[in-house]
file entry_35.csv (CSV, C-alpha atoms)
chain,number,residue,atom,x,y,z
G,22,MET,CA,29.3,-1.8,27.2
G,23,ALA,CA,28.4,1.5,28.8
G,24,SER,CA,31.2,3.6,30.4
G,25,PRO,CA,30.5,5.0,33.9
G,26,GLY,CA,28.2,7.9,33.6
G,27,GLN,CA,27.1,7.1,30.0
G,28,GLY,CA,24.0,5.2,28.8
G,29,PHE,CA,23.8,1.7,27.3
G,30,GLU,CA,25.2,1.3,23.8
G,31,PRO,CA,24.1,-1.7,21.7
G,32,ALA,CA,26.6,-3.6,19.7
G,33,THR,CA,26.7,-2.3,16.1
G,34,GLY,CA,29.5,-4.6,14.9
G,35,ASP,CA,32.0,-1.8,14.6
G,36,GLY,CA,33.4,-1.9,18.1
G,37,PRO,CA,35.2,-4.3,20.3
G,38,ALA,CA,33.7,-7.7,21.0
G,39,VAL,CA,30.8,-7.5,23.4
G,40,PRO,CA,31.3,-10.0,26.3
G,41,ALA,CA,28.7,-12.7,26.7
G,42,THR,CA,28.1,-12.0,30.4
G,43,ALA,CA,25.1,-12.1,32.6
G,44,GLU,CA,25.7,-8.3,33.2
G,45,ARG,CA,25.6,-7.6,29.5
G,46,ALA,CA,22.5,-9.7,29.0
G,47,GLY,CA,20.8,-7.8,31.8
G,48,GLU,CA,21.7,-4.4,30.2
G,49,VAL,CA,20.4,-5.6,26.8
G,50,ARG,CA,17.2,-6.8,28.4
G,51,THR,CA,16.7,-3.6,30.3
G,52,ALA,CA,17.3,-1.4,27.3
G,53,TYR,CA,15.0,-3.5,25.1
G,54,GLN,CA,12.2,-3.5,27.7
G,55,GLY,CA,12.6,0.3,27.8
G,56,LEU,CA,12.2,0.4,24.0
G,57,LEU,CA,9.0,-1.7,24.3
G,58,GLN,CA,7.7,0.5,27.1
G,59,ILE,CA,8.2,3.6,25.0
G,60,ARG,CA,6.2,1.9,22.2
G,61,ARG,CA,3.4,1.0,24.6
G,62,MET,CA,3.2,4.6,26.0
G,63,LEU,CA,3.2,6.2,22.6
G,64,GLY,CA,0.9,3.6,21.1
G,65,GLY,CA,-1.9,4.1,23.7
G,66,GLY,CA,-0.9,1.0,25.7
G,67,THR,CA,-1.3,-1.3,22.7
G,68,GLY,CA,2.4,-2.2,22.4
G,69,ALA,CA,2.5,-0.6,18.9
G,70,ALA,CA,4.1,-2.8,16.3
G,71,VAL,CA,5.8,0.1,14.6
G,72,PRO,CA,9.0,2.0,15.5
G,73,ALA,CA,8.5,4.9,17.9
G,74,PRO,CA,9.8,8.4,17.1
G,75,TRP,CA,12.9,7.8,19.3
G,76,GLU,CA,13.8,4.7,17.1
G,77,ARG,CA,13.3,6.7,13.9
G,78,ARG,CA,15.6,9.4,15.1
G,79,GLN,CA,18.3,7.0,16.2
G,80,MET,CA,17.8,4.2,13.7
G,81,PRO,CA,21.3,2.6,13.9
G,82,ARG,CA,21.0,2.3,17.7
G,83,ALA,CA,17.5,1.0,17.6
G,84,VAL,CA,18.2,-1.6,15.0
G,85,ALA,CA,21.3,-2.7,16.7
G,86,LEU,CA,19.4,-3.0,20.0
G,87,ALA,CA,16.7,-5.1,18.3
G,88,LEU,CA,19.3,-7.5,16.8
G,89,GLU,CA,21.3,-7.9,20.0
G,90,ALA,CA,18.1,-8.4,22.0
G,91,ALA,CA,17.1,-11.1,19.5
G,92,GLY,CA,20.3,-13.0,20.4
G,93,LEU,CA,22.0,-12.5,17.1
G,94,PRO,CA,25.8,-12.1,17.3
G,95,SER,CA,27.5,-8.8,16.3
G,96,SER,CA,30.7,-8.6,14.4
G,97,ALA,CA,33.6,-6.9,16.2
G,98,VAL,CA,36.8,-5.1,15.3
G,99,ASP,CA,40.2,-4.8,17.1
G,100,ALA,CA,42.0,-1.6,18.0
G,101,GLU,CA,43.4,-1.4,14.4
G,102,GLY,CA,39.9,-1.8,12.8
G,103,ARG,CA,40.4,-5.4,11.7
G,104,ARG,CA,37.4,-7.7,11.9
G,105,THR,CA,37.8,-10.2,14.7
G,106,ARG,CA,34.4,-11.8,14.8
G,107,THR,CA,31.6,-12.7,12.4
G,108,GLY,CA,28.2,-11.2,12.9
G,109,TYR,CA,25.9,-8.4,11.9
G,110,ARG,CA,27.1,-4.9,11.3
G,111,VAL,CA,24.6,-1.9,11.5
G,112,ALA,CA,25.5,1.3,9.8
G,113,PRO,CA,23.6,4.4,8.6
G,114,GLY,CA,22.4,4.0,5.0
G,115,PRO,CA,23.4,6.3,2.1
G,116,PRO,CA,22.0,9.8,1.8
G,117,PRO,CA,19.3,11.1,1.9
G,118,GLY,CA,19.0,9.1,5.1
G,119,GLY,CA,16.0,7.4,6.8
G,120,ARG,CA,17.5,4.0,6.3
G,121,VAL,CA,20.0,1.7,7.9
G,122,GLU,CA,22.1,-1.0,6.3
G,123,VAL,CA,22.7,-4.4,8.0
G,124,THR,CA,25.5,-6.5,6.6
G,125,TRP,CA,26.9,-9.9,7.7
G,126,VAL,CA,30.7,-9.5,8.0
G,127,GLY,CA,33.7,-11.2,9.6
G,128,PRO,CA,37.4,-11.7,9.5
G,129,PRO,CA,38.9,-12.4,6.0
G,130,GLY,CA,38.5,-16.0,5.2
G,131,GLY,CA,36.1,-16.6,8.0
G,132,GLY,CA,33.2,-17.7,5.8
G,133,ALA,CA,30.8,-14.7,6.5
G,134,ALA,CA,29.9,-14.6,2.8
G,135,LEU,CA,28.7,-18.2,2.8
G,136,GLU,CA,26.3,-17.7,5.6
G,137,GLU,CA,25.1,-14.2,4.9
G,138,GLN,CA,21.8,-15.1,3.2
G,139,GLU,CA,20.6,-17.3,6.1
G,140,ARG,CA,21.9,-14.9,8.8
G,141,LEU,CA,20.5,-11.8,7.1
G,142,ALA,CA,17.1,-13.6,6.8
G,143,ALA,CA,17.2,-14.1,10.6
G,144,CYS,CA,18.1,-10.4,11.1
G,145,ALA,CA,15.1,-9.4,8.9
G,146,ALA,CA,12.8,-11.7,10.8
G,147,ALA,CA,13.8,-10.1,14.1
G,148,LEU,CA,13.4,-6.6,12.7
G,149,GLU,CA,10.1,-7.2,10.8
G,150,ALA,CA,8.5,-8.6,14.0
G,151,LEU,CA,9.1,-5.1,15.5
G,152,GLY,CA,7.6,-3.3,12.5
G,153,TRP,CA,10.7,-2.4,10.5
G,154,VAL,CA,10.6,-2.8,6.7
G,155,CYS,CA,13.6,-4.9,5.4
G,156,LEU,CA,14.7,-5.3,1.8
G,157,LEU,CA,17.5,-7.7,0.8
G,158,TYR,CA,19.9,-6.4,-1.9
G,159,ARG,CA,23.1,-7.4,-3.5
G,160,GLY,CA,25.9,-4.8,-3.3
G,161,PRO,CA,29.5,-4.7,-4.5
G,162,ARG,CA,31.2,-8.0,-5.1
G,163,ARG,CA,27.7,-9.5,-5.0
G,164,ARG,CA,27.5,-9.4,-1.2
G,165,ARG,CA,24.1,-9.2,0.3
G,166,PHE,CA,22.8,-6.5,2.7
G,167,LEU,CA,19.6,-5.5,4.3
G,168,GLU,CA,18.2,-2.1,3.9
G,169,VAL,CA,16.0,-1.3,6.9
G,170,GLU,CA,13.6,1.6,7.3
G,171,PRO,CA,10.5,2.4,9.2
G,172,PRO,CA,7.1,1.8,7.5
G,173,ARG,CA,5.8,4.7,5.5
call {"tool": "encode", "arguments": {"input": "entry_35.csv", "output": "structure tokens"}}
result
Amino acid sequence: MASPGQGFEPATGDGPAVPATAERAGEVRTAYQGLLQIRRMLGGGTGAAVPAPWERRQMPRAVALALEAAGLPSSAVDAEGRRTRTGYRVAPGPPPGGRVEVTWVGPPGGGAALEEQERLAACAAALEALGWVCLLYRGPRRRRFLEVEPPR
């Protein structure tokens, strides 16, 4: 949630649990509508189906906003950094940059690994509908992750 005097921050999965309140839903809706308005303005009123320059410069925020607006749950961590909730996690990709990684994570023993393929497919569908390019990979310990980037 935004602190007084600061802008809206979408849930990336690395912060505290985001409350499921009407206020939060309104903040997400307003931020998402703003993103779509930026696309319309920069796309000549066509509602361009590609990420706008703002999204490309702040990819983790833009991708997290798209996922939260799609109604997908974010993961969360407590004050000590321990996972407390299963959901998506958005993080910058490895250098040289220009990519974001989306993983499906949760508390140890919480079953995130069992549902990651289905849930990452839902994440990819939400992002691809907005013009992002998503590729599914297997990483360390055979865990899946999405690599997300703007179209070239």
call {"tool": "residues_around", "arguments": {"input": "entry_35.csv", "residues": "Glu136 in chain G", "least_positions_apart": "2", "cutoff": "12 Å", "atoms": "only C-alpha atoms", "output": "PyMOL selection string"}}
result
chain G and resi 107-109+124-127+131-134+138-143+164-165
call {"tool": "atom_distance", "arguments": {"input": "entry_35.csv", "atom1": "CA of Glu30 in chain G", "atom2": "CA of Ala145 in chain G"}}
result
20.9 Å
call {"tool": "closest_residue", "arguments": {"input": "entry_35.csv", "among": "G:Gly102, G:Pro72, G:Gly130, G:Gly47", "to": "Glu149 in chain G", "atoms": "all atoms listed in the file"}}
result
G:Pro72
call {"tool": "atom_distance", "arguments": {"input": "entry_35.csv", "atom1": "CA of Ala146 in chain G", "atom2": "CA of Ala87 in chain G"}}
result
10.7 Å
call {"tool": "residues_around", "arguments": {"input": "entry_35.csv", "residues": "range 77-80 of chain G", "least_positions_apart": "4", "cutoff": "12 Å", "atoms": "all atoms listed in the file", "output": "PyMOL selection string"}}
result
chain G and resi 30-31+33+56+60+71-73+84-87+111-114+118-123+148+152-153+168-173
call {"tool": "write_last_selection", "arguments": {"input": "entry_35.csv", "atoms": "C-alpha atoms", "output": "compact mmCIF listing (two decimals), in the frame of the given file"}}
result
# COMPACT_ATOMS: atom_id res chain seq x y z
CA GLU G 30 25.20 1.30 23.80
CA PRO G 31 24.10 -1.70 21.70
CA THR G 33 26.70 -2.30 16.10
CA LEU G 56 12.20 0.40 24.00
CA ARG G 60 6.20 1.90 22.20
CA VAL G 71 5.80 0.10 14.60
CA PRO G 72 9.00 2.00 15.50
CA ALA G 73 8.50 4.90 17.90
CA VAL G 84 18.20 -1.60 15.00
CA ALA G 85 21.30 -2.70 16.70
CA LEU G 86 19.40 -3.00 20.00
CA ALA G 87 16.70 -5.10 18.30
CA VAL G 111 24.60 -1.90 11.50
CA ALA G 112 25.50 1.30 9.80
CA PRO G 113 23.60 4.40 8.60
CA GLY G 114 22.40 4.00 5.00
CA GLY G 118 19.00 9.10 5.10
CA GLY G 119 16.00 7.40 6.80
CA ARG G 120 17.50 4.00 6.30
CA VAL G 121 20.00 1.70 7.90
CA GLU G 122 22.10 -1.00 6.30
CA VAL G 123 22.70 -4.40 8.00
CA LEU G 148 13.40 -6.60 12.70
CA GLY G 152 7.60 -3.30 12.50
CA TRP G 153 10.70 -2.40 10.50
CA GLU G 168 18.20 -2.10 3.90
CA VAL G 169 16.00 -1.30 6.90
CA GLU G 170 13.60 1.60 7.30
CA PRO G 171 10.50 2.40 9.20
CA PRO G 172 7.10 1.80 7.50
CA ARG G 173 5.80 4.70 5.50
call {"tool": "atom_distance", "arguments": {"input": "entry_35.csv", "atom1": "CA of Leu135 in chain G", "atom2": "CA of Leu151 in chain G"}}
result
26.8 Å
call {"tool": "closest_residue", "arguments": {"input": "entry_35.csv", "among": "G:Ala46, G:Ala90, G:Met62, G:Ala100", "to": "Ala147 in chain G", "atoms": "all atoms listed in the file"}}
result
G:Ala90
call {"tool": "closest_residue", "arguments": {"input": "entry_35.csv", "among": "G:Pro116, G:Gly34, G:Gly55, G:Pro40", "to": "Pro81 in chain G", "atoms": "all atoms listed in the file"}}
result
G:Gly34
call {"tool": "residues_around", "arguments": {"input": "entry_35.csv", "residues": "Ala32 in chain G", "least_positions_apart": "3", "cutoff": "7 Å", "atoms": "all atoms listed in the file", "output": "list of chain:residue names"}}
result
G:Val39, G:Ala85, G:Glu89, G:Ser95
call {"tool": "residues_around", "arguments": {"input": "entry_35.csv", "residues": "Phe29 in chain G", "least_positions_apart": "5", "cutoff": "12 Å", "atoms": "all atoms listed in the file", "output": "list of chain:residue names"}}
result
G:Met22, G:Ala23, G:Ser24, G:Glu44, G:Arg45, G:Ala46, G:Gly47, G:Glu48, G:Val49, G:Arg50, G:Thr51, G:Ala52, G:Tyr53, G:Gly55, G:Arg82, G:Ala83, G:Ala85, G:Leu86
call {"tool": "residues_around", "arguments": {"input": "entry_35.csv", "residues": "Asp99 in chain G", "least_positions_apart": "4", "cutoff": "8 Å", "atoms": "only C-alpha atoms", "output": "PyMOL selection string"}}
result
chain G and resi 36-37+103-105
call {"tool": "decode", "arguments": {"input": "entry_35.csv", "residues": "range 27-74 of chain G", "atoms": "C-alpha atoms", "output": "CSV table (one decimal), in the first residue's frame"}}
result
chain,number,residue,atom,x,y,z
G,27,GLN,CA,4.0,8.4,-1.9
G,28,GLY,CA,2.6,6.8,-5.1
G,29,PHE,CA,0.9,3.5,-5.5
G,30,GLU,CA,3.2,0.5,-5.3
G,31,PRO,CA,1.9,-2.8,-6.8
G,32,ALA,CA,2.5,-6.0,-4.9
G,33,THR,CA,5.7,-7.7,-6.2
G,34,GLY,CA,5.6,-10.7,-3.8
G,35,ASP,CA,8.6,-9.5,-1.8
G,36,GLY,CA,6.8,-7.3,0.7
G,37,PRO,CA,4.2,-7.7,3.4
G,38,ALA,CA,0.8,-9.3,2.5
G,39,VAL,CA,-1.4,-6.9,0.6
G,40,PRO,CA,-4.8,-6.6,2.3
G,41,ALA,CA,-7.8,-7.7,0.2
G,42,THR,CA,-9.8,-4.5,0.9
G,43,ALA,CA,-12.1,-2.4,-1.2
G,44,GLU,CA,-9.6,0.5,-0.8
G,45,ARG,CA,-6.7,-1.6,-2.2
G,46,ALA,CA,-8.9,-2.8,-5.1
G,47,GLY,CA,-9.7,0.8,-5.9
G,48,GLU,CA,-6.0,1.8,-5.9
G,49,VAL,CA,-5.2,-1.1,-8.2
G,50,ARG,CA,-8.0,-0.3,-10.5
G,51,THR,CA,-7.0,3.4,-10.7
G,52,ALA,CA,-3.3,2.6,-11.3
G,53,TYR,CA,-4.2,0.1,-14.0
G,54,GLN,CA,-6.6,2.5,-15.7
G,55,GLY,CA,-3.8,5.0,-15.7
G,56,LEU,CA,-1.5,2.5,-17.4
G,57,LEU,CA,-4.1,1.9,-20.0
G,58,GLN,CA,-4.6,5.6,-20.5
G,59,ILE,CA,-0.9,6.1,-21.0
G,60,ARG,CA,-1.0,3.4,-23.7
G,61,ARG,CA,-4.0,5.0,-25.4
G,62,MET,CA,-2.3,8.4,-25.5
G,63,LEU,CA,1.0,7.1,-26.8
G,64,GLY,CA,-0.6,4.8,-29.2
G,65,GLY,CA,-2.7,7.4,-30.9
G,66,GLY,CA,-5.9,6.6,-29.1
G,67,THR,CA,-5.9,3.0,-30.3
G,68,GLY,CA,-5.2,1.5,-26.8
G,69,ALA,CA,-1.9,0.1,-28.1
G,70,ALA,CA,-1.4,-3.6,-27.2
G,71,VAL,CA,2.3,-3.1,-26.5
G,72,PRO,CA,4.0,-1.8,-23.3
G,73,ALA,CA,4.5,1.9,-23.2
G,74,PRO,CA,7.9,3.5,-22.6
